[in-house]
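So this block is structure_16.pdb, PDB, C-alpha atoms and all ligand atoms:
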```pdb
ATOM      1  CA  MET J  18     -14.761 -14.103  -0.767
ATOM      2  CA  THR J  19     -17.092 -12.033   1.403
ATOM      3  CA  GLU J  20     -15.920  -8.978   3.301
ATOM      4  CA  ALA J  21     -16.475 -10.793   6.623
ATOM      5  CA  LEU J  22     -13.884 -13.433   5.754
ATOM      6  CA  LEU J  23     -10.991 -11.097   5.059
ATOM      7  CA  PRO J  24      -7.903 -12.296   6.979
ATOM      8  CA  LEU J  25      -7.560  -8.755   8.339
ATOM      9  CA  ASP J  26      -9.859  -5.758   8.220
ATOM     10  CA  ILE J  27      -9.056  -2.742  10.421
ATOM     11  CA  HIS J  28     -11.385   0.264  10.550
ATOM     12  CA  ALA J  29     -11.049   3.658  12.238
ATOM     13  CA  LEU J  30      -8.435   2.474  14.716
ATOM     14  CA  ARG J  31      -7.582   4.907  17.478
ATOM     15  CA  TYR J  32      -5.035   4.273  20.226
ATOM     16  CA  GLU J  33      -3.258   6.554  22.623
ATOM     17  CA  VAL J  34      -0.354   5.520  24.839
ATOM     18  CA  GLY J  35       1.966   7.501  27.108
ATOM     19  CA  GLY J  36       0.072  10.699  26.256
ATOM     20  CA  ARG J  37       0.708  10.203  22.535
ATOM     21  CA  ARG J  38      -1.893   9.496  19.862
ATOM     22  CA  LEU J  39      -0.296   6.521  18.093
ATOM     23  CA  PHE J  40      -3.186   5.627  15.743
ATOM     24  CA  GLU J  41      -5.918   7.933  14.521
ATOM     25  CA  GLY J  42      -8.440   6.698  11.967
ATOM     26  CA  LEU J  43      -6.126   3.930  10.800
ATOM     27  CA  GLY J  44      -7.605   1.459   8.329
ATOM     28  CA  LEU J  45      -6.155  -1.572   6.571
ATOM     29  CA  ALA J  46      -7.543  -4.602   4.772
ATOM     30  CA  VAL J  47      -5.480  -7.643   3.835
ATOM     31  CA  ARG J  48      -7.066 -10.149   1.470
ATOM     32  CA  ALA J  49      -6.427 -13.894   1.306
ATOM     33  CA  GLY J  50      -3.427 -14.520  -0.912
ATOM     34  CA  GLU J  51      -2.160 -10.948  -0.467
ATOM     35  CA  SER J  52       0.980  -9.583   1.197
ATOM     36  CA  VAL J  53       1.250  -6.112   2.714
ATOM     37  CA  ALA J  54       4.439  -4.531   4.077
ATOM     38  CA  VAL J  55       4.290  -1.776   6.695
ATOM     39  CA  MET J  56       7.194   0.623   6.915
ATOM     40  CA  GLY J  57       7.655   3.738   9.007
ATOM     41  CA  PRO J  58      10.085   5.555  11.272
ATOM     42  CA  SER J  59      11.235   4.022  14.527
ATOM     43  CA  GLY J  60       8.600   4.660  17.175
ATOM     44  CA  SER J  61       5.781   5.234  14.676
ATOM     45  CA  GLY J  62       3.862   2.275  16.107
ATOM     46  CA  LYS J  63       4.517  -0.636  13.725
ATOM     47  CA  SER J  64       5.081  -3.254  16.431
ATOM     48  CA  THR J  65       2.191  -1.859  18.447
ATOM     49  CA  LEU J  66      -0.036  -2.300  15.399
ATOM     50  CA  LEU J  67       0.849  -6.013  15.329
ATOM     51  CA  SER J  68       0.110  -6.217  19.072
ATOM     52  CA  VAL J  69      -3.314  -4.699  18.413
ATOM     53  CA  VAL J  70      -3.989  -7.286  15.678
ATOM     54  CA  LEU J  71      -2.935 -10.046  18.112
ATOM     55  CA  GLY J  72      -5.382  -8.646  20.666
ATOM     56  CA  LEU J  73      -2.553  -7.988  23.136
ATOM     57  CA  VAL J  74      -3.133  -4.228  23.054
ATOM     58  CA  ARG J  75      -6.709  -2.904  23.231
ATOM     59  CA  PRO J  76      -7.470   0.076  21.010
ATOM     60  CA  ASP J  77      -9.443   3.060  22.310
ATOM     61  CA  ALA J  78     -11.762   2.890  19.286
ATOM     62  CA  GLY J  79     -12.202   1.098  15.993
ATOM     63  CA  THR J  80     -12.563  -2.493  14.849
ATOM     64  CA  VAL J  81      -9.837  -5.048  14.182
ATOM     65  CA  SER J  82     -11.408  -8.000  12.398
ATOM     66  CA  VAL J  83      -9.316 -11.125  12.001
ATOM     67  CA  ALA J  84     -11.086 -13.767   9.900
ATOM     68  CA  GLY J  85     -14.379 -11.981  10.503
ATOM     69  CA  GLN J  86     -14.105 -11.555  14.311
ATOM     70  CA  ASP J  87     -13.302  -8.249  15.994
ATOM     71  CA  VAL J  88     -10.370  -9.164  18.253
ATOM     72  CA  ALA J  89     -10.769  -5.837  20.075
ATOM     73  CA  ARG J  90     -14.024  -7.229  21.492
ATOM     74  CA  LEU J  91     -12.850 -10.730  22.323
ATOM     75  CA  ARG J  92     -11.684 -11.537  25.843
ATOM     76  CA  GLY J  93      -9.865 -14.303  27.688
ATOM     77  CA  ARG J  94     -10.245 -17.828  26.344
ATOM     78  CA  HIS J  95     -12.211 -16.673  23.270
ATOM     79  CA  LEU J  96      -9.410 -14.309  22.280
ATOM     80  CA  THR J  97      -6.716 -16.940  22.865
ATOM     81  CA  GLU J  98      -8.613 -19.527  20.823
ATOM     82  CA  HIS J  99      -9.318 -17.143  17.971
ATOM     83  CA  ARG J 100      -5.685 -16.033  17.856
ATOM     84  CA  ARG J 101      -4.426 -19.616  17.957
ATOM     85  CA  LYS J 102      -6.801 -20.690  15.214
ATOM     86  CA  HIS J 103      -6.339 -17.792  12.829
ATOM     87  CA  ILE J 104      -2.980 -16.056  13.368
ATOM     88  CA  GLY J 105       0.583 -17.202  12.813
ATOM     89  CA  MET J 106       3.369 -14.940  14.114
ATOM     90  CA  ILE J 107       7.040 -14.663  13.156
ATOM     91  CA  PHE J 108       9.425 -12.659  15.343
ATOM     92  CA  GLN J 109      12.752 -11.024  14.502
ATOM     93  CA  PHE J 110      14.775 -13.566  16.456
ATOM     94  CA  GLY J 111      12.662 -16.628  15.718
ATOM     95  CA  GLU J 112      11.828 -17.289  19.382
ATOM     96  CA  LEU J 113      12.427 -21.009  18.837
ATOM     97  CA  LEU J 114      13.608 -23.514  21.432
ATOM     98  CA  PRO J 115      17.263 -24.138  20.502
ATOM     99  CA  GLU J 116      17.537 -27.595  22.115
ATOM    100  CA  LEU J 117      14.612 -29.002  20.138
ATOM    101  CA  THR J 118      14.885 -30.193  16.534
ATOM    102  CA  PRO J 119      13.157 -28.117  13.831
ATOM    103  CA  VAL J 120      10.457 -30.792  13.546
ATOM    104  CA  GLU J 121       9.790 -30.567  17.292
ATOM    105  CA  ASN J 122       9.737 -26.755  17.234
ATOM    106  CA  VAL J 123       7.248 -26.672  14.375
ATOM    107  CA  ALA J 124       5.026 -29.400  15.834
ATOM    108  CA  LEU J 125       4.966 -27.835  19.314
ATOM    109  CA  PRO J 126       2.072 -25.358  18.839
ATOM    110  CA  ALA J 127      -0.080 -28.118  17.335
ATOM    111  CA  LEU J 128       0.791 -30.520  20.163
ATOM    112  CA  LEU J 129       0.049 -27.851  22.789
ATOM    113  CA  ASP J 130      -3.249 -27.363  21.020
ATOM    114  CA  GLY J 131      -4.078 -31.046  21.574
ATOM    115  CA  ALA J 132      -3.469 -32.256  18.008
ATOM    116  CA  ASP J 133      -2.540 -35.864  17.248
ATOM    117  CA  ARG J 134       1.196 -36.448  17.738
ATOM    118  CA  ASP J 135       1.933 -38.478  14.581
ATOM    119  CA  ARG J 136      -0.145 -36.157  12.450
ATOM    120  CA  SER J 137       1.581 -33.069  13.901
ATOM    121  CA  TYR J 138       5.050 -34.505  13.268
ATOM    122  CA  ALA J 139       4.108 -35.500   9.725
ATOM    123  CA  ASP J 140       2.672 -32.018   9.020
ATOM    124  CA  SER J 141       5.766 -30.469  10.536
ATOM    125  CA  ARG J 142       8.132 -32.526   8.317
ATOM    126  CA  GLU J 143       6.070 -31.702   5.259
ATOM    127  CA  LEU J 144       6.194 -27.969   5.999
ATOM    128  CA  LEU J 145       9.942 -28.008   6.583
ATOM    129  CA  ASP J 146      10.458 -29.858   3.289
ATOM    130  CA  GLU J 147       8.225 -27.363   1.523
ATOM    131  CA  LEU J 148      10.231 -24.448   2.960
ATOM    132  CA  GLY J 149      13.538 -26.145   2.139
ATOM    133  CA  VAL J 150      14.880 -26.477   5.671
ATOM    134  CA  PRO J 151      17.577 -29.147   5.765
ATOM    135  CA  ALA J 152      18.662 -31.218   8.748
ATOM    136  CA  HIS J 153      15.319 -31.821  10.434
ATOM    137  CA  GLY J 154      17.062 -33.925  13.043
ATOM    138  CA  THR J 155      19.715 -31.512  14.372
ATOM    139  CA  ALA J 156      19.160 -29.147  17.250
ATOM    140  CA  THR J 157      17.565 -25.925  16.006
ATOM    141  CA  GLY J 158      20.286 -23.947  17.777
ATOM    142  CA  ASP J 159      22.881 -25.472  15.431
ATOM    143  CA  LEU J 160      21.190 -24.171  12.280
ATOM    144  CA  SER J 161      22.169 -20.953  10.512
ATOM    145  CA  GLY J 162      20.178 -17.788  11.186
ATOM    146  CA  GLY J 163      18.350 -18.059   7.872
ATOM    147  CA  GLU J 164      17.469 -21.708   8.426
ATOM    148  CA  ARG J 165      16.147 -20.867  11.886
ATOM    149  CA  GLN J 166      13.923 -18.149  10.453
ATOM    150  CA  ARG J 167      12.517 -20.603   7.927
ATOM    151  CA  VAL J 168      11.764 -22.933  10.844
ATOM    152  CA  ALA J 169       9.964 -19.972  12.457
ATOM    153  CA  VAL J 170       7.918 -19.514   9.262
ATOM    154  CA  ALA J 171       7.020 -23.227   9.304
ATOM    155  CA  ARG J 172       6.017 -23.039  12.965
ATOM    156  CA  ALA J 173       3.763 -20.053  12.238
ATOM    157  CA  LEU J 174       2.059 -22.069   9.485
ATOM    158  CA  ILE J 175       1.422 -25.340  11.339
ATOM    159  CA  GLY J 176      -2.042 -24.206  12.472
ATOM    160  CA  ARG J 177      -3.033 -23.189   8.902
ATOM    161  CA  PRO J 178      -3.634 -19.547   9.898
ATOM    162  CA  SER J 179      -5.758 -17.114   7.890
ATOM    163  CA  LEU J 180      -3.322 -14.350   8.744
ATOM    164  CA  LEU J 181       0.448 -14.425   9.021
ATOM    165  CA  LEU J 182       2.171 -11.584  10.924
ATOM    166  CA  ALA J 183       5.909 -10.944  10.811
ATOM    167  CA  ASP J 184       7.821  -8.313  12.799
ATOM    168  CA  GLU J 185      11.211  -7.585  11.195
ATOM    169  CA  PRO J 186      11.534 -11.248  10.127
ATOM    170  CA  THR J 187      14.870 -10.640   8.392
ATOM    171  CA  GLY J 188      16.215  -7.947  10.727
ATOM    172  CA  ALA J 189      18.875 -10.216  12.237
ATOM    173  CA  LEU J 190      20.088 -11.795   8.966
ATOM    174  CA  ASP J 191      22.850 -11.097   6.442
ATOM    175  CA  ALA J 192      21.890 -10.159   2.887
ATOM    176  CA  GLU J 193      21.951 -13.681   1.443
ATOM    177  CA  ALA J 194      19.909 -15.227   4.271
ATOM    178  CA  ARG J 195      17.556 -12.235   4.196
ATOM    179  CA  ASP J 196      16.812 -12.808   0.505
ATOM    180  CA  HIS J 197      16.236 -16.521   1.027
ATOM    181  CA  VAL J 198      13.925 -16.038   4.017
ATOM    182  CA  ALA J 199      12.052 -13.183   2.319
ATOM    183  CA  GLY J 200      11.593 -15.340  -0.796
ATOM    184  CA  THR J 201      10.177 -18.145   1.360
ATOM    185  CA  LEU J 202       7.916 -15.829   3.331
ATOM    186  CA  PHE J 203       6.416 -13.911   0.422
ATOM    187  CA  ALA J 204       5.634 -17.154  -1.452
ATOM    188  CA  VAL J 205       3.337 -18.238   1.407
ATOM    189  CA  PRO J 206       0.177 -16.152   0.713
ATOM    190  CA  ALA J 207      -0.199 -17.559  -2.810
ATOM    191  CA  SER J 208       0.555 -21.158  -1.836
ATOM    192  CA  ARG J 209      -1.600 -21.184   1.316
ATOM    193  CA  GLN J 210      -4.190 -18.507   0.552
ATOM    194  CA  CYS J 211      -3.569 -16.608   3.770
ATOM    195  CA  GLY J 212      -2.935 -12.898   4.248
ATOM    196  CA  LEU J 213       0.562 -11.708   5.165
ATOM    197  CA  LEU J 214       1.359  -8.512   7.078
ATOM    198  CA  VAL J 215       5.074  -7.767   7.423
ATOM    199  CA  VAL J 216       6.661  -4.966   9.424
ATOM    200  CA  THR J 217      10.102  -4.131   8.071
ATOM    201  CA  HIS J 218      12.678  -1.374   7.858
ATOM    202  CA  ASP J 219      14.237  -3.005   4.809
ATOM    203  CA  PRO J 220      13.034  -1.629   1.444
ATOM    204  CA  SER J 221      14.343  -4.706  -0.401
ATOM    205  CA  VAL J 222      12.050  -6.876   1.749
ATOM    206  CA  ALA J 223       9.071  -4.503   1.497
ATOM    207  CA  ASP J 224       9.458  -4.407  -2.291
ATOM    208  CA  ARG J 225       8.413  -8.059  -2.476
ATOM    209  CA  ALA J 226       4.984  -7.293  -0.994
ATOM    210  CA  ASP J 227       1.891  -6.772  -3.142
ATOM    211  CA  ARG J 228       1.382  -3.453  -1.355
ATOM    212  CA  VAL J 229       3.673  -1.238   0.718
ATOM    213  CA  MET J 230       2.122   1.063   3.334
ATOM    214  CA  HIS J 231       3.778   3.778   5.409
ATOM    215  CA  LEU J 232       2.731   4.456   8.971
ATOM    216  CA  GLU J 233       2.731   8.219   9.296
ATOM    217  CA  GLN J 234       0.982  10.468  11.771
ATOM    218  CA  GLY J 235      -1.137   7.642  13.102
ATOM    219  CA  ALA J 236      -2.478   6.330   9.794
ATOM    220  CA  LEU J 237      -1.357   4.147   6.909
ATOM    221  CA  ALA J 238      -0.670   5.726   3.562
ATOM    222  CA  GLY J 239      -0.161   3.599   0.487
ATOM    223  CA  ALA J 240       3.174   3.856  -1.287
ATOM    224  CA  ARG J 241       1.966   1.389  -3.901
TER     225      ARG J 241
HETATM  226  N1  LIG B 301       2.934   0.571  26.962
HETATM  227  C1  LIG B 301       3.527   1.677  26.502
HETATM  228  N2  LIG B 301       3.703   2.754  27.290
HETATM  229  C2  LIG B 301       4.253   3.894  26.846
HETATM  230  N3  LIG B 301       4.690   4.056  25.571
HETATM  231  C3  LIG B 301       4.524   3.013  24.737
HETATM  232  C4  LIG B 301       3.940   1.781  25.134
HETATM  233  N4  LIG B 301       3.900   0.949  24.072
HETATM  234  C5  LIG B 301       4.454   1.623  23.047
HETATM  235  N5  LIG B 301       4.827   2.866  23.452
HETATM  236  C6  LIG B 301       5.456   3.888  22.603
HETATM  237  O1  LIG B 301       4.769   3.904  21.371
HETATM  238  C7  LIG B 301       5.673   4.176  20.307
HETATM  239  C8  LIG B 301       5.596   3.118  19.243
HETATM  240  O2  LIG B 301       6.296   1.934  19.620
HETATM  241  P1  LIG B 301       6.511   0.731  18.598
HETATM  242  O3  LIG B 301       7.429  -0.235  19.253
HETATM  243  O4  LIG B 301       5.176   0.223  18.161
HETATM  244  O5  LIG B 301       7.217   1.458  17.380
HETATM  245  P2  LIG B 301       7.893   0.838  16.087
HETATM  246  O6  LIG B 301       7.406   1.646  14.929
HETATM  247  O7  LIG B 301       7.649  -0.633  16.034
HETATM  248  O8  LIG B 301       9.416   1.144  16.360
HETATM  249  P3  LIG B 301      10.748   0.369  15.872
HETATM  250  O9  LIG B 301      10.778   0.540  14.379
HETATM  251  O10 LIG B 301      11.837   1.109  16.559
HETATM  252  O11 LIG B 301      10.615  -1.057  16.318
HETATM  253  C9  LIG B 301       7.058   4.294  20.939
HETATM  254  O12 LIG B 301       7.335   5.662  21.128
HETATM  255  C10 LIG B 301       6.891   3.576  22.270
HETATM  256  O13 LIG B 301       7.772   4.063  23.225
END
```
As a first step, turn the structure in this file into structure tokens.
Amino acid sequence: MTEALLPLDIHALRYEVGGRRLFEGLGLAVRAGESVAVMGPSGSGKSTLLSVVLGLVRPDAGTVSVAGQDVARLRGRHLTEHRRKHIGMIFQFGELLPELTPVENVALPALLDGADRDRSYADSRELLDELGVPAHGTATGDLSGGERQRVAVARALIGRPSLLLADEPTGALDAEARDHVAGTLFAVPASRQCGLLVVTHDPSVADRADRVMHLEQGALAGAR
């Protein structure tokens, strides 16, 4: 794989907000098939880092290449298309539509993207089976917290992203559901050859990653 095709390659990132230098010379590369966990104190900028990767926050300097394109330089429709094509995102509380079935929730991004309906539903069912989510036909709101998060993982994968981002994906779960969801999530890079970047406060979740980085004083330092 060439350098240009890394799922994520951040160089010399600098960003200041509210009079505070949040990132200074931050660098990070995530390879296809690799998982990286980012830990750090509350307020150190972990969620903001994900927003920068999504192109929602513009850095003051540096490059943020996602699948070979610097998202810090993309604008408007080009940014939206690149994000939709290459990034899957998982939030702490799933952000699913509770009235829809899991199959409908997972298929939705593909349908909104203009994909074929039958194909999207078939892909969605296949993903849910792969991730072991039962009860495809019940309302998503009736599932357990852990099942909902696995639906969120499936939804993030429907577009076959190069890069999967997760912000505290197990933060709202009990220990058993956390372990199940984390097991599902960290199996994804190997099975789908995408990169995975997870922000977490939970050392037992971070421990599953290939590498653990700490966000300290504006930069990432490797713990392992
Ligand atoms: N638009 C903004 N204006 C002012 N301050 C901001 C803005 N965005 C982020 N910040 C500040 O930047 C810092 C980092 O926020 P961020 O949410 O990225 O931290 P975090 O490491 O994810 O924290 P937590 O672990 O508590 O979720 C915080 O002090 C926050 O208040």
Practice prompt. Within 7 Å of segment 34-46 of chain J, counting all atoms listed in the file, which residues show up once you throw out same-chain ones fewer than 5 positions away? Write them as a ChimeraX atom specification, please.
Written response: /J:25-29,62,235-237
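Proximity to Gly162 of chain J was assessed for J:Leu190, J:Val47, J:Ala183, J:Ile107 counting only C-alpha atoms; the smallest distance is recorded for J:Leu190.
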Tell me which residues the PyMOL selection byres (((chain J and resi 56) around 7) and not hetatm) grabs here, as a CSV table (one decimal) with C-alpha atoms, in the coordinates of the input.
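Written out: out08.csv:
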```csv
chain,number,residue,atom,x,y,z
J,54,ALA,CA,4.4,-4.5,4.1
J,55,VAL,CA,4.3,-1.8,6.7
J,57,GLY,CA,7.7,3.7,9.0
J,216,VAL,CA,6.7,-5.0,9.4
J,217,THR,CA,10.1,-4.1,8.1
J,218,HIS,CA,12.7,-1.4,7.9
J,230,MET,CA,2.1,1.1,3.3
J,231,HIS,CA,3.8,3.8,5.4
J,232,LEU,CA,2.7,4.5,9.0
```
Worksheet entry | Expected selection as an MDAnalysis selection string for ligand LIG 301 (chain B) within 6 Å, only C-alpha atoms and all ligand atoms | chainID J and resid 34:35 58:65
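Closest to Leu67 of chain J among J:Ala207, J:Val215, J:Val222, J:Leu113 is J:Val215, based on all atoms listed in the file.
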Item to complete: Return as a ChimeraX atom specification the set of residues that the PyMOL selection byres (((chain J and resi 81-95) around 8) and not hetatm) yields on the displayed structure.
Response: /J:20-28,30,69-72,75-76,79-80,96-99,103,179-180
Give the padded box for segment 70-84 of chain J as AutoDock Vina command-line options: axis-aligned, covering all atoms listed in the file, 5 Å on each side, centre and edge lengths in Å to one decimal.
```
--center_x -7.6 --center_y -5.4 --center_z 16.6 --size_x 20.0 --size_y 26.8 --size_z 23.3
```
Fill in: Given the PyMOL selection byres (((chain J and resi 122) around 10) and not hetatm), the residues it picks as a VMD selection string
chain J and resid 112 to 121 123 to 127 138 141 156 to 157 168 to 169 171 to 172
Please, could you write that set of residues out with C-alpha atoms as an mmCIF file, in the coordinates of the input?
```cif
data_model
loop_
_atom_site.group_PDB
_atom_site.id
_atom_site.type_symbol
_atom_site.label_atom_id
_atom_site.label_comp_id
_atom_site.auth_asym_id
_atom_site.auth_seq_id
_atom_site.Cartn_x
_atom_site.Cartn_y
_atom_site.Cartn_z
ATOM 1 C CA GLU J 112 11.828 -17.289 19.382
ATOM 2 C CA LEU J 113 12.427 -21.009 18.837
ATOM 3 C CA LEU J 114 13.608 -23.514 21.432
ATOM 4 C CA PRO J 115 17.263 -24.138 20.502
ATOM 5 C CA GLU J 116 17.537 -27.595 22.115
ATOM 6 C CA LEU J 117 14.612 -29.002 20.138
ATOM 7 C CA THR J 118 14.885 -30.193 16.534
ATOM 8 C CA PRO J 119 13.157 -28.117 13.831
ATOM 9 C CA VAL J 120 10.457 -30.792 13.546
ATOM 10 C CA GLU J 121 9.790 -30.567 17.292
ATOM 11 C CA VAL J 123 7.248 -26.672 14.375
ATOM 12 C CA ALA J 124 5.026 -29.400 15.834
ATOM 13 C CA LEU J 125 4.966 -27.835 19.314
ATOM 14 C CA PRO J 126 2.072 -25.358 18.839
ATOM 15 C CA ALA J 127 -0.080 -28.118 17.335
ATOM 16 C CA TYR J 138 5.050 -34.505 13.268
ATOM 17 C CA SER J 141 5.766 -30.469 10.536
ATOM 18 C CA ALA J 156 19.160 -29.147 17.250
ATOM 19 C CA THR J 157 17.565 -25.925 16.006
ATOM 20 C CA VAL J 168 11.764 -22.933 10.844
ATOM 21 C CA ALA J 169 9.964 -19.972 12.457
ATOM 22 C CA ALA J 171 7.020 -23.227 9.304
ATOM 23 C CA ARG J 172 6.017 -23.039 12.965
#
```
Discussion item. At a cut-off of 12 Å, using only C-alpha atoms, what residues contact Ala194 of chain J? Leave out same-chain residues fewer than 2 positions from it and give the result as a list in words.
Written reply: Ser161, Gly162, Gly163, Glu164, Arg165, Gln166, Arg167, Pro186, Thr187, Gly188, Ala189, Leu190, Asp191, Ala192, Asp196, His197, Val198, Ala199, Gly200, Thr201 and Val222 of chain J
Item to complete: For atom CA of Ala49 of chain J and atom CA of Glu185 of chain J, quote the distance in Å rounded to one decimal.
Response: 21.2 Å
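If you look at atom CA of Val205 of chain J and atom CA of Asp224 of chain J, they are 15.6 Å away from each other.
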Item to complete: Mind giving me the straight-line distance from atom CA of Arg136 of chain J to atom CA of Leu174 of chain J in Å, one decimal?
Response: 14.6 Å
Item to complete: Kindly extract all protein, DNA and RNA residues lying within 7 Å of the coordinates (4.5, -1.9, -1.1) given in the file, considering all atoms listed in the file, and supply them as a ChimeraX atom specification.
Response: /J:53-54,223-224,226-230,240-241
Fill in: Option closest in space to Leu73 of chain J, from J:Gly50, J:Arg100, J:Ser221, J:Gln109 [counting all atoms listed in the file]
J:Arg100
